[in-house]
file my_file.csv (CSV, C-alpha atoms and all ligand atoms)
chain,number,residue,atom,x,y,z
A,9,MET,CA,73.2,239.6,-27.0
A,10,GLU,CA,73.3,241.0,-30.5
A,11,TYR,CA,70.5,239.9,-32.8
A,12,ARG,CA,70.2,239.6,-36.6
A,13,ILE,CA,66.9,239.6,-38.4
A,14,HIS,CA,66.1,236.7,-40.7
A,15,PRO,CA,65.6,238.3,-44.1
A,16,LYS,CA,62.6,236.1,-45.0
A,17,THR,CA,60.9,235.3,-41.7
A,18,GLY,CA,61.6,238.4,-39.7
A,19,ASP,CA,62.8,236.3,-36.8
A,20,ARG,CA,65.2,238.0,-34.4
A,21,ILE,CA,68.0,235.6,-33.9
A,22,GLY,CA,70.8,235.8,-31.4
A,23,VAL,CA,74.3,235.8,-33.1
A,24,ILE,CA,75.5,233.3,-30.5
A,25,GLY,CA,73.3,230.2,-30.4
A,26,LEU,CA,73.5,226.8,-28.9
A,27,GLY,CA,75.0,223.7,-30.5
A,28,THR,CA,73.8,221.0,-28.2
A,29,GLY,CA,76.1,218.2,-29.6
A,30,PRO,CA,78.0,217.3,-26.4
A,31,ILE,CA,75.6,218.6,-23.7
A,32,PHE,CA,74.1,215.1,-23.1
A,33,GLU,CA,77.5,214.1,-21.5
A,34,ALA,CA,76.8,216.5,-18.6
A,35,PRO,CA,74.9,215.4,-15.5
A,36,GLU,CA,71.2,216.4,-15.8
A,37,ARG,CA,71.3,219.2,-13.3
A,38,GLU,CA,74.4,220.8,-14.8
A,39,ALA,CA,73.1,220.5,-18.3
A,40,VAL,CA,69.7,222.1,-17.5
A,41,ASP,CA,71.4,224.9,-15.5
A,42,THR,CA,73.7,225.6,-18.5
A,43,LEU,CA,70.7,225.8,-20.8
A,44,ILE,CA,68.9,228.1,-18.4
A,45,TYR,CA,72.0,230.3,-18.1
A,46,ALA,CA,72.3,230.5,-21.9
A,47,HIS,CA,68.7,231.7,-22.2
A,48,GLU,CA,69.2,234.3,-19.5
A,49,GLN,CA,72.1,235.7,-21.5
A,50,GLY,CA,69.8,236.2,-24.5
A,51,VAL,CA,70.6,233.0,-26.5
A,52,ASN,CA,67.4,232.1,-28.4
A,53,TYR,CA,68.5,229.7,-31.2
A,54,VAL,CA,69.0,226.1,-30.5
A,55,ASP,CA,70.2,223.3,-32.8
A,56,LEU,CA,69.1,219.8,-31.9
A,57,ALA,CA,71.4,217.6,-34.0
A,58,THR,CA,72.9,216.4,-30.7
A,59,ALA,CA,75.1,213.5,-30.1
A,60,GLY,CA,73.0,211.8,-27.4
A,61,ALA,CA,69.3,211.2,-26.7
A,62,GLU,CA,69.4,212.8,-23.2
A,63,THR,CA,69.7,216.2,-24.7
A,64,PHE,CA,66.1,216.3,-25.7
A,65,ARG,CA,64.9,215.7,-22.1
A,66,TYR,CA,67.3,218.3,-20.8
A,67,VAL,CA,66.1,220.9,-23.3
A,68,GLY,CA,62.5,220.1,-22.5
A,69,GLU,CA,63.1,220.6,-18.8
A,70,ALA,CA,65.0,223.8,-19.3
A,71,TYR,CA,63.0,225.5,-22.0
A,72,ALA,CA,59.4,224.2,-21.8
A,73,PRO,CA,58.4,227.3,-19.6
A,74,VAL,CA,59.9,229.7,-22.1
A,75,ARG,CA,59.4,227.8,-25.4
A,76,GLY,CA,57.9,230.7,-27.2
A,77,GLU,CA,61.1,232.8,-26.8
A,78,LEU,CA,63.3,230.2,-28.5
A,79,PHE,CA,63.8,228.8,-32.0
A,80,TYR,CA,64.5,225.1,-32.5
A,81,GLN,CA,66.2,223.4,-35.4
A,82,VAL,CA,64.8,219.8,-35.4
A,83,HIS,CA,66.4,217.4,-37.9
A,84,PHE,CA,64.3,215.0,-40.0
A,85,GLY,CA,66.8,212.2,-40.3
A,86,ALA,CA,68.6,212.3,-37.0
A,87,ASN,CA,67.9,209.0,-35.1
A,88,TYR,CA,68.3,208.4,-31.4
A,89,GLU,CA,66.8,205.0,-31.0
A,90,THR,CA,70.1,203.5,-29.7
A,91,GLY,CA,70.5,206.4,-27.3
A,92,GLU,CA,73.2,207.9,-29.5
A,93,TYR,CA,73.1,209.9,-32.7
A,94,GLY,CA,72.4,208.0,-35.9
A,95,TRP,CA,71.6,209.1,-39.5
A,96,THR,CA,68.6,207.7,-41.4
A,97,THR,CA,66.5,208.3,-44.5
A,98,ASP,CA,64.0,205.6,-43.5
A,99,LEU,CA,60.5,207.2,-43.3
A,100,ASP,CA,59.0,205.2,-40.4
A,101,THR,CA,62.1,205.8,-38.3
A,102,VAL,CA,62.0,209.5,-39.1
A,103,LYS,CA,58.3,209.7,-38.1
A,104,ARG,CA,58.9,207.8,-34.9
A,105,GLN,CA,61.9,210.0,-34.1
A,106,VAL,CA,60.2,213.4,-34.8
A,107,GLU,CA,57.2,212.3,-32.5
A,108,TRP,CA,59.6,211.2,-29.8
A,109,GLN,CA,61.7,214.3,-30.0
A,110,LEU,CA,58.7,216.6,-29.8
A,111,ASN,CA,57.5,214.6,-26.7
A,112,GLN,CA,60.9,214.9,-25.0
A,113,LEU,CA,61.1,218.6,-25.8
A,114,ARG,CA,57.6,219.2,-24.4
A,115,THR,CA,56.5,221.1,-27.5
A,116,ASP,CA,54.1,220.7,-30.3
A,117,TYR,CA,55.8,222.7,-33.0
A,118,ILE,CA,59.2,223.1,-34.7
A,119,ASP,CA,60.5,226.4,-35.8
A,120,PHE,CA,62.9,225.0,-38.4
A,121,GLY,CA,62.3,221.5,-39.6
A,122,PHE,CA,65.6,220.4,-41.2
A,123,ILE,CA,66.3,218.2,-44.2
A,124,HIS,CA,69.1,216.6,-42.3
A,125,CYS,CA,72.7,216.2,-43.2
A,126,LEU,CA,72.7,215.4,-46.9
A,127,ASP,CA,76.2,215.4,-48.5
A,128,GLU,CA,75.8,213.1,-51.6
A,129,ALA,CA,73.5,213.3,-54.5
A,130,HIS,CA,72.1,209.8,-53.8
A,131,ASP,CA,71.3,210.8,-50.2
A,132,TRP,CA,69.0,213.5,-51.6
A,133,ARG,CA,67.4,211.0,-54.0
A,134,ASP,CA,66.8,208.6,-51.2
A,135,TYR,CA,65.4,211.4,-49.0
A,136,GLN,CA,62.8,212.1,-51.7
A,137,ASP,CA,62.1,208.5,-52.9
A,138,ASN,CA,61.6,207.3,-49.3
A,139,GLY,CA,59.0,210.0,-48.7
A,140,VAL,CA,60.9,211.9,-46.0
A,141,LEU,CA,60.7,215.2,-47.9
A,142,ASP,CA,57.0,214.8,-48.4
A,143,TYR,CA,56.5,214.0,-44.7
A,144,LEU,CA,58.5,217.2,-43.8
A,145,LEU,CA,56.3,219.2,-46.2
A,146,ASP,CA,53.1,217.7,-44.8
A,147,MET,CA,54.2,218.6,-41.3
A,148,LYS,CA,54.7,222.1,-42.6
A,149,LYS,CA,51.2,222.2,-44.1
A,150,ALA,CA,49.8,220.9,-40.8
A,151,GLY,CA,51.5,223.8,-39.0
A,152,VAL,CA,53.8,221.6,-36.9
A,153,VAL,CA,56.9,222.8,-38.8
A,154,ARG,CA,57.0,226.5,-39.4
A,155,ARG,CA,60.0,226.7,-41.8
A,156,ILE,CA,62.1,224.3,-43.8
A,157,GLY,CA,65.9,224.1,-43.2
A,158,LEU,CA,68.8,222.2,-44.7
A,159,SER,CA,72.0,220.9,-43.1
A,160,SER,CA,74.9,219.9,-45.4
A,161,HIS,CA,78.7,220.0,-45.6
A,162,THR,CA,78.7,220.0,-49.4
A,163,PRO,CA,78.4,223.2,-51.4
A,164,GLU,CA,77.4,221.6,-54.7
A,165,LEU,CA,74.6,219.5,-53.2
A,166,ALA,CA,73.4,222.4,-51.0
A,167,GLY,CA,73.1,224.4,-54.2
A,168,THR,CA,71.0,221.7,-55.8
A,169,ILE,CA,68.6,221.6,-52.8
A,170,LEU,CA,68.5,225.4,-52.6
A,171,ASP,CA,67.3,225.3,-56.2
A,172,THR,CA,64.0,223.8,-55.0
A,173,GLY,CA,63.2,227.1,-53.3
A,174,LEU,CA,61.9,225.2,-50.3
A,175,VAL,CA,64.8,226.1,-47.9
A,176,GLU,CA,64.7,229.2,-45.7
A,177,GLN,CA,67.6,228.4,-43.3
A,178,MET,CA,70.8,226.4,-44.0
A,179,MET,CA,73.1,225.0,-41.4
A,180,PHE,CA,76.6,224.8,-42.8
A,181,SER,CA,80.0,224.1,-41.3
A,182,ILE,CA,82.0,227.4,-41.6
A,183,ASN,CA,85.4,227.8,-40.2
A,184,PRO,CA,88.8,228.8,-41.7
A,185,ALA,CA,90.0,225.2,-41.7
A,186,TYR,CA,87.2,223.9,-43.9
A,187,ASP,CA,87.1,227.1,-46.0
A,188,TYR,CA,90.9,226.8,-46.6
A,189,GLN,CA,90.7,223.0,-47.5
A,190,HIS,CA,91.8,221.5,-44.2
A,191,GLY,CA,89.8,218.8,-42.3
A,192,GLU,CA,87.2,216.1,-42.7
A,193,PHE,CA,84.4,218.4,-44.0
A,194,ALA,CA,86.6,220.8,-46.1
A,195,ILE,CA,84.4,220.1,-49.1
A,196,GLY,CA,84.4,222.4,-52.1
A,197,SER,CA,87.0,225.0,-53.0
A,198,ALA,CA,87.3,228.2,-51.0
A,199,GLY,CA,85.7,230.1,-53.9
A,200,GLU,CA,82.8,227.6,-54.1
A,201,ARG,CA,82.1,227.9,-50.4
A,202,LEU,CA,82.2,231.7,-50.4
A,203,ALA,CA,79.8,231.7,-53.5
A,204,LEU,CA,77.4,229.5,-51.5
A,205,TYR,CA,77.3,232.0,-48.6
A,206,ARG,CA,76.8,234.9,-51.0
A,207,ARG,CA,74.0,233.0,-52.7
A,208,CYS,CA,72.2,232.5,-49.3
A,209,GLU,CA,72.4,236.1,-48.5
A,210,ALA,CA,71.3,237.1,-52.0
A,211,GLU,CA,68.3,234.8,-51.8
A,212,GLY,CA,67.4,235.6,-48.2
A,213,VAL,CA,68.3,232.2,-46.8
A,214,GLY,CA,69.7,232.5,-43.3
A,215,ILE,CA,72.8,230.5,-42.3
A,216,SER,CA,73.4,229.0,-38.9
A,217,VAL,CA,77.0,227.9,-38.5
A,218,MET,CA,77.9,224.5,-37.2
A,219,LYS,CA,81.5,223.4,-36.2
A,220,PRO,CA,82.8,227.0,-35.9
A,221,TYR,CA,86.0,225.7,-34.2
A,222,SER,CA,86.4,222.8,-36.6
A,223,ALA,CA,85.5,220.3,-33.8
A,224,GLY,CA,88.2,222.0,-31.6
A,225,GLN,CA,90.9,221.4,-34.2
A,226,LEU,CA,91.6,225.2,-34.6
A,227,LEU,CA,91.9,225.8,-30.9
A,228,ARG,CA,95.2,223.9,-30.4
A,229,GLY,CA,98.6,224.6,-31.9
A,230,GLU,CA,99.2,220.9,-32.5
A,231,THR,CA,96.0,220.3,-34.5
A,232,SER,CA,95.5,223.7,-36.1
A,233,PRO,CA,96.3,223.5,-39.8
A,234,PHE,CA,97.7,227.0,-39.5
A,235,GLY,CA,100.4,225.8,-37.1
A,236,ARG,CA,99.1,228.1,-34.4
A,237,PRO,CA,95.9,228.1,-32.4
A,238,LEU,CA,93.0,230.5,-33.1
A,239,THR,CA,90.8,231.6,-30.2
A,240,LYS,CA,87.1,230.9,-30.0
A,241,VAL,CA,86.5,234.6,-30.3
A,242,GLN,CA,88.4,234.7,-33.6
A,243,CYS,CA,86.5,231.7,-35.0
A,244,ILE,CA,83.2,233.2,-34.1
A,245,GLN,CA,84.1,236.5,-35.7
A,246,TYR,CA,85.3,234.7,-38.8
A,247,ALA,CA,81.9,233.0,-39.2
A,248,LEU,CA,79.9,236.1,-38.4
A,249,ASP,CA,81.7,238.0,-41.2
A,250,LYS,CA,80.5,235.6,-43.8
A,251,PRO,CA,77.5,236.7,-46.0
A,252,GLY,CA,74.2,235.2,-45.0
A,253,VAL,CA,75.3,234.2,-41.5
A,254,LEU,CA,72.7,234.9,-38.7
A,255,THR,CA,74.0,232.8,-35.9
A,256,VAL,CA,77.0,230.7,-34.8
A,257,LEU,CA,76.3,227.5,-32.9
A,258,PRO,CA,79.3,226.2,-31.0
A,259,GLY,CA,78.9,222.8,-29.3
A,260,ILE,CA,78.3,223.4,-25.6
A,261,ARG,CA,79.2,220.9,-22.9
A,262,ASN,CA,78.8,223.1,-19.8
A,263,ARG,CA,78.5,226.6,-18.5
A,264,ALA,CA,82.2,227.3,-19.1
A,265,ASP,CA,81.8,226.6,-22.8
A,266,MET,CA,78.8,228.9,-23.0
A,267,GLU,CA,80.7,231.7,-21.2
A,268,GLU,CA,83.6,231.3,-23.6
A,269,ALA,CA,81.3,231.6,-26.6
A,270,LEU,CA,79.5,234.6,-25.1
A,271,ALA,CA,82.8,236.3,-24.5
A,272,TRP,CA,82.7,237.3,-28.2
A,273,LEU,CA,80.1,239.9,-27.3
A,274,ASP,CA,82.5,241.9,-25.1
A,275,ALA,CA,85.7,241.1,-27.0
A,276,PRO,CA,87.6,244.2,-28.3
A,277,GLU,CA,88.4,244.5,-32.0
A,278,GLU,CA,92.0,243.3,-31.6
A,279,GLU,CA,90.8,240.0,-30.0
A,280,ARG,CA,88.3,239.4,-32.8
A,281,ASP,CA,90.8,240.1,-35.6
A,282,TYR,CA,91.9,237.0,-37.6
A,283,ALA,CA,94.2,238.7,-40.0
A,284,VAL,CA,96.8,236.0,-39.2
A,285,LEU,CA,94.9,233.8,-41.7
A,286,GLY,CA,96.0,236.0,-44.5
A,287,THR,CA,99.3,234.2,-44.6
A,288,PHE,CA,97.4,231.0,-45.4
A,289,THR,CA,95.0,232.2,-48.0
A,290,PRO,CA,94.5,229.6,-50.8
A,291,ARG,CA,95.4,230.7,-54.2
A,292,ASP,CA,91.8,230.7,-55.6
A,293,VAL,CA,90.7,233.3,-53.0
A,294,ALA,CA,93.9,235.4,-52.6
A,295,GLY,CA,92.9,238.9,-53.5
A,296,THR,CA,89.3,238.3,-52.4
A,297,CYS,CA,87.9,240.5,-49.8
A,298,VAL,CA,86.7,238.5,-46.8
A,299,TYR,CA,85.0,241.6,-45.2
A,300,CYS,CA,87.2,241.3,-42.1
A,301,ASN,CA,87.9,245.1,-41.8
A,302,HIS,CA,91.4,244.6,-40.7
A,303,CYS,CA,92.3,247.5,-43.0
A,304,GLN,CA,90.3,249.9,-40.9
A,305,PRO,CA,90.4,252.8,-40.1
A,306,CYS,CA,90.1,254.3,-43.6
A,307,PRO,CA,91.1,258.0,-43.5
A,308,ALA,CA,88.2,258.8,-45.8
A,309,GLY,CA,85.7,257.0,-43.4
A,310,LEU,CA,84.8,254.2,-45.7
A,311,ASN,CA,83.5,250.9,-44.3
A,312,VAL,CA,85.7,248.8,-46.6
A,313,GLY,CA,84.4,245.4,-45.6
A,314,LEU,CA,80.7,246.4,-46.0
A,315,ILE,CA,81.2,248.2,-49.3
A,316,ASN,CA,82.9,245.1,-50.7
A,317,LYS,CA,80.2,242.8,-49.3
A,318,TYR,CA,77.4,244.8,-51.0
A,319,PHE,CA,79.3,244.8,-54.2
A,320,ASP,CA,79.8,241.0,-54.1
A,321,LEU,CA,76.2,240.5,-53.2
A,322,ALA,CA,74.9,242.6,-56.0
A,323,ALA,CA,77.1,240.5,-58.4
A,324,ALA,CA,75.5,237.4,-56.8
A,325,GLY,CA,72.0,238.7,-57.7
A,326,ASP,CA,71.0,240.2,-54.3
A,327,PRO,CA,68.2,242.6,-55.3
A,328,MET,CA,68.6,244.6,-52.0
A,329,ALA,CA,72.4,245.0,-52.1
A,330,ALA,CA,72.5,248.2,-54.3
A,331,ASP,CA,69.9,249.8,-52.1
A,332,HIS,CA,71.9,249.0,-48.9
A,333,TYR,CA,75.0,250.3,-50.6
A,334,ARG,CA,73.4,253.6,-51.5
A,335,LYS,CA,72.3,254.1,-47.9
A,336,LEU,CA,75.9,254.0,-46.6
A,337,GLU,CA,77.3,257.3,-45.5
A,338,LYS,CA,80.4,256.9,-47.5
A,339,HIS,CA,80.7,255.3,-50.9
A,340,ALA,CA,83.5,253.9,-53.0
A,341,SER,CA,83.6,257.2,-54.9
A,342,ASP,CA,84.8,258.9,-51.6
A,343,CYS,CA,88.0,256.8,-51.7
A,344,ILE,CA,91.0,259.1,-52.0
A,345,SER,CA,93.3,256.2,-53.1
A,346,CYS,CA,95.6,256.7,-50.1
A,347,GLY,CA,96.7,253.0,-50.3
A,348,HIS,CA,96.3,252.4,-46.6
A,349,CYS,CA,94.0,249.4,-47.1
A,350,ASP,CA,96.2,247.9,-49.8
A,351,ARG,CA,99.1,247.9,-47.3
A,352,ARG,CA,97.1,246.7,-44.4
A,353,CYS,CA,95.1,243.9,-46.1
A,354,PRO,CA,96.5,240.5,-45.1
A,355,PHE,CA,94.5,238.9,-47.9
A,356,HIS,CA,96.3,240.8,-50.7
A,357,VAL,CA,93.2,242.6,-52.0
A,358,PRO,CA,94.1,245.5,-54.4
A,359,GLN,CA,91.5,247.6,-52.7
A,360,THR,CA,92.2,251.0,-54.4
A,361,ASP,CA,91.5,249.4,-57.8
A,362,ARG,CA,88.5,247.7,-56.4
A,363,MET,CA,87.0,250.9,-55.1
A,364,LYS,CA,87.2,252.4,-58.6
A,365,GLU,CA,85.4,249.3,-59.9
A,366,ILE,CA,82.8,249.5,-57.2
A,367,ALA,CA,82.2,253.2,-57.8
A,368,ALA,CA,81.8,252.5,-61.5
A,369,ARG,CA,79.3,249.6,-60.9
A,370,PHE,CA,77.1,251.6,-58.5
A,371,GLY,CA,77.6,255.0,-60.1
A,372,VAL,CA,78.6,256.5,-56.7
A,401,LIG,S1,90.3,244.7,-48.0
A,401,LIG,FE1,91.4,243.1,-46.8
A,401,LIG,S2,91.6,243.8,-44.7
A,401,LIG,FE2,90.0,245.1,-45.8
A,401,LIG,S3,88.1,244.1,-45.3
A,401,LIG,FE3,88.8,243.2,-47.3
A,401,LIG,S4,89.9,241.4,-46.7
A,401,LIG,FE4,89.7,242.6,-44.8
A,402,LIG,S1,92.5,253.5,-50.4
A,402,LIG,FE1,90.5,254.3,-50.3
A,402,LIG,S2,89.3,252.8,-49.2
A,402,LIG,FE2,91.5,252.3,-48.9
A,402,LIG,S3,92.0,253.3,-46.9
A,402,LIG,FE3,92.5,254.8,-48.6
A,402,LIG,S4,90.7,256.0,-48.8
A,402,LIG,FE4,90.1,254.2,-47.6
call {"tool": "encode", "arguments": {"input": "my_file.csv", "output": "structure tokens", "more": "lines below"}}
Ligand code: SF4
Ligand code: SF4
result
Amino acid sequence: MEYRIHPKTGDRIGVIGLGTGPIFEAPEREAVDTLIYAHEQGVNYVDLATAGAETFRYVGEAYAPVRGELFYQVHFGANYETGEYGWTTDLDTVKRQVEWQLNQLRTDYIDFGFIHCLDEAHDWRDYQDNGVLDYLLDMKKAGVVRRIGLSSHTPELAGTILDTGLVEQMMFSINPAYDYQHGEFAIGSAGERLALYRRCEAEGVGISVMKPYSAGQLLRGETSPFGRPLTKVQCIQYALDKPGVLTVLPGIRNRADMEEALAWLDAPEEERDYAVLGTFTPRDVAGTCVYCNHCQPCPAGLNVGLINKYFDLAAAGDPMAADHYRKLEKHASDCISCGHCDRRCPFHVPQTDRMKEIAARFGV
């Protein structure tokens, strides 16, 4: 497993995590064995916005003995009273549910207590007016919840909630379909979505990625909006390249799904490459570096993607970005304007010009 460090909490989080959405469908033994297998492979981050109530019992059975090695995202607003997922902002229901989930999970604390799935401004108002936010904050004061999270599909509302300064982790749906305006949750323009990811990194808010395969839509030629399928490895790489992202949480049904997600760890560069998407880049982000490093190798030894990321993060207000940039071995001023990256970049980034701009901005 590879791990990324949460910039605020210092937590060491595995880049491949567990989306538990569909695991309730598996027979109990198979589900529990899959969860144990995931943990043995170094998976340590688990989202619990699942589709079915059985998941909590399965997770409790698999992970109670190793609870301290795992991080749980528990959602204040996910309701399983019918046995299936439901969404609520009713305070009494939320309270009953959190208590029930903790009981099923056989734990007495929550690593990340989430403001759950708010996409409309009135959802956020209800969440506050009904007292759910206060309840979550009280649970934090009492030490049951360690950190506050937020899940949303809407960049604008996510920005409003980030303005409160309460949120330390955000779960967001990141995949090329949604980022390029295809699919149910393709909310906000490509530029707005990218700006949100940059803001998270600049402010030290970690991102956990839901729906990295766009609910499977991207994996089949017939349903992929790009007319051809992407692989799971490409989708995971795409999400991990976005600023702020700490972990990707594919929905796991069984061991085969887990193995396919973990295959990213050993995949060679050419399997991770998603340059094919360059052909479909929306107009508002054409010419924007997406940090994919398809243009490598640079003959002067520059890490083109990382240099661009630090530049964009500095522009987004990240106080650490300039320092990170200066610590790189090679800087934009080392660019010899050979034009290799301009020719290789599938996203039409005029990189030789950009390197001059970056060198001028950082003075090196
Ligand atoms: S310049 Fe193009 S190919 Fe290179 S990292 Fe940026 S987007 Fe990728
Ligand atoms: S133009 Fe500059 S950054 Fe791009 S490949 Fe050539 S030396 Fe590297």
call {"tool": "residues_near_ligand", "arguments": {"input": "my_file.csv", "ligand": "ligand LIG 401 (chain A)", "cutoff": "7 Å", "atoms": "only C-alpha atoms and all ligand atoms", "output": "list in words"}}
result
Thr296, Cys297, Val298, Tyr299, Cys300, Asn301, His302, Cys303, Gln304, Val312, Gly313, Cys349, Asp350, Arg352, Cys353, Pro354, Phe355, His356, Val357 and Gln359 of chain A
call {"tool": "atom_distance", "arguments": {"input": "my_file.csv", "atom1": "CA of Thr287 in chain A", "atom2": "CA of Phe234 in chain A"}}
result
9.0 Å
call {"tool": "residues_near_ligand", "arguments": {"input": "my_file.csv", "ligand": "ligand LIG 402 (chain A)", "cutoff": "8 Å", "atoms": "only C-alpha atoms and all ligand atoms", "output": "ChimeraX atom specification"}}
result
/A:303-312,340,342-350,359-360,363
call {"tool": "closest_residue", "arguments": {"input": "my_file.csv", "among": "A:Ala185, A:Val256, A:Val82, A:Ala210", "to": "Arg154 in chain A", "atoms": "all atoms listed in the file"}}
result
A:Val82
call {"tool": "atom_distance", "arguments": {"input": "my_file.csv", "atom1": "CA of Leu113 in chain A", "atom2": "CA of Pro220 in chain A"}}
result
25.4 Å
call {"tool": "atom_distance", "arguments": {"input": "my_file.csv", "atom1": "CA of Pro258 in chain A", "atom2": "CA of Glu209 in chain A"}}
result
21.3 Å
call {"tool": "closest_atom_pairs", "arguments": {"input": "my_file.csv", "of": "range 198-281 of chain A", "to": "range 314-329 of chain A", "cutoff": "10 Å", "atoms": "only C-alpha atoms", "output": "tab-separated table"}}
result
residue	atom	partner	partner_atom	distance
A:Ala203	CA	A:Ala324	CA	7.9
A:Leu204	CA	A:Ala324	CA	9.7
A:Tyr205	CA	A:Leu321	CA	9.7
A:Arg206	CA	A:Leu321	CA	6.0
A:Arg207	CA	A:Ala324	CA	6.2
A:Cys208	CA	A:Asp326	CA	9.3
A:Glu209	CA	A:Asp326	CA	7.2
A:Ala210	CA	A:Asp326	CA	3.9
A:Glu211	CA	A:Asp326	CA	6.5
A:Gly212	CA	A:Asp326	CA	8.4
A:Asp249	CA	A:Lys317	CA	9.5
A:Lys250	CA	A:Lys317	CA	9.1
A:Pro251	CA	A:Lys317	CA	7.4
A:Gly252	CA	A:Leu321	CA	10.0
call {"tool": "closest_residue", "arguments": {"input": "my_file.csv", "among": "A:Val175, A:Val372, A:Leu226, A:Ala269", "to": "Thr255 in chain A", "atoms": "only C-alpha atoms"}}
result
A:Ala269
call {"tool": "closest_residue", "arguments": {"input": "my_file.csv", "among": "A:Val153, A:Met218, A:Leu248, A:Ile123", "to": "Tyr80 in chain A", "atoms": "only C-alpha atoms"}}
result
A:Val153
call {"tool": "residues_around", "arguments": {"input": "my_file.csv", "residues": "Val67 in chain A", "least_positions_apart": "6", "cutoff": "10 Å", "atoms": "all atoms listed in the file", "output": "PDB file with C-alpha atoms, in the frame of the given file"}}
result
ATOM      1  CA  THR A  28      73.800 221.000 -28.200  1.00  0.00           C
ATOM      2  CA  ILE A  31      75.600 218.600 -23.700  1.00  0.00           C
ATOM      3  CA  PHE A  32      74.100 215.100 -23.100  1.00  0.00           C
ATOM      4  CA  ALA A  39      73.100 220.500 -18.300  1.00  0.00           C
ATOM      5  CA  VAL A  40      69.700 222.100 -17.500  1.00  0.00           C
ATOM      6  CA  LEU A  43      70.700 225.800 -20.800  1.00  0.00           C
ATOM      7  CA  ILE A  44      68.900 228.100 -18.400  1.00  0.00           C
ATOM      8  CA  VAL A  54      69.000 226.100 -30.500  1.00  0.00           C
ATOM      9  CA  LEU A  56      69.100 219.800 -31.900  1.00  0.00           C
ATOM     10  CA  ARG A  75      59.400 227.800 -25.400  1.00  0.00           C
ATOM     11  CA  GLN A 112      60.900 214.900 -25.000  1.00  0.00           C
ATOM     12  CA  LEU A 113      61.100 218.600 -25.800  1.00  0.00           C
ATOM     13  CA  ARG A 114      57.600 219.200 -24.400  1.00  0.00           C
TER      14      ARG A 114
END
call {"tool": "residues_around", "arguments": {"input": "my_file.csv", "residues": "His14 in chain A", "least_positions_apart": "6", "cutoff": "10 Å", "atoms": "all atoms listed in the file", "output": "ChimeraX atom specification"}}
result
/A:20-21,176-177,212-215,252-254
call {"tool": "residues_near_point", "arguments": {"input": "my_file.csv", "point": "(75.8, 214.3, -29.9)", "cutoff": "7 Å", "atoms": "all atoms listed in the file", "output": "list in words"}}
result
Gly29, Pro30, Ala57, Thr58, Ala59, Gly60, Glu92 and Tyr93 of chain A
call {"tool": "decode", "arguments": {"input": "my_file.csv", "residues": "range 209-220 of chain A", "atoms": "N, CA and C atoms", "output": "compact mmCIF listing (two decimals), in the first residue's frame"}}
result
# COMPACT_ATOMS: atom_id res chain seq x y z
N GLU A 209 -6.73 21.33 -1.18
CA GLU A 209 -5.30 21.13 -0.91
C GLU A 209 -4.71 22.39 -0.26
N ALA A 210 -5.09 23.56 -0.78
CA ALA A 210 -4.53 24.81 -0.24
C ALA A 210 -4.88 24.99 1.23
N GLU A 211 -6.08 24.50 1.63
CA GLU A 211 -6.54 24.71 3.02
C GLU A 211 -6.30 23.49 3.91
N GLY A 212 -5.65 22.48 3.36
CA GLY A 212 -5.34 21.30 4.18
C GLY A 212 -6.53 20.39 4.43
N VAL A 213 -7.56 20.52 3.59
CA VAL A 213 -8.72 19.61 3.70
C VAL A 213 -8.43 18.39 2.81
N GLY A 214 -8.46 17.19 3.39
CA GLY A 214 -8.21 15.99 2.60
C GLY A 214 -9.44 15.63 1.78
N ILE A 215 -9.22 15.00 0.64
CA ILE A 215 -10.35 14.53 -0.17
C ILE A 215 -10.32 13.00 -0.24
N SER A 216 -11.47 12.39 0.05
CA SER A 216 -11.64 10.97 -0.24
C SER A 216 -12.60 10.90 -1.43
N VAL A 217 -12.27 10.06 -2.37
CA VAL A 217 -12.98 10.08 -3.65
C VAL A 217 -14.02 8.97 -3.72
N MET A 218 -15.28 9.38 -3.90
CA MET A 218 -16.34 8.39 -4.16
C MET A 218 -16.59 8.32 -5.66
N LYS A 219 -17.20 7.23 -6.08
CA LYS A 219 -17.59 7.01 -7.48
C LYS A 219 -16.43 7.22 -8.48
N PRO A 220 -15.26 6.65 -8.21
CA PRO A 220 -14.14 6.88 -9.14
C PRO A 220 -14.37 6.28 -10.53
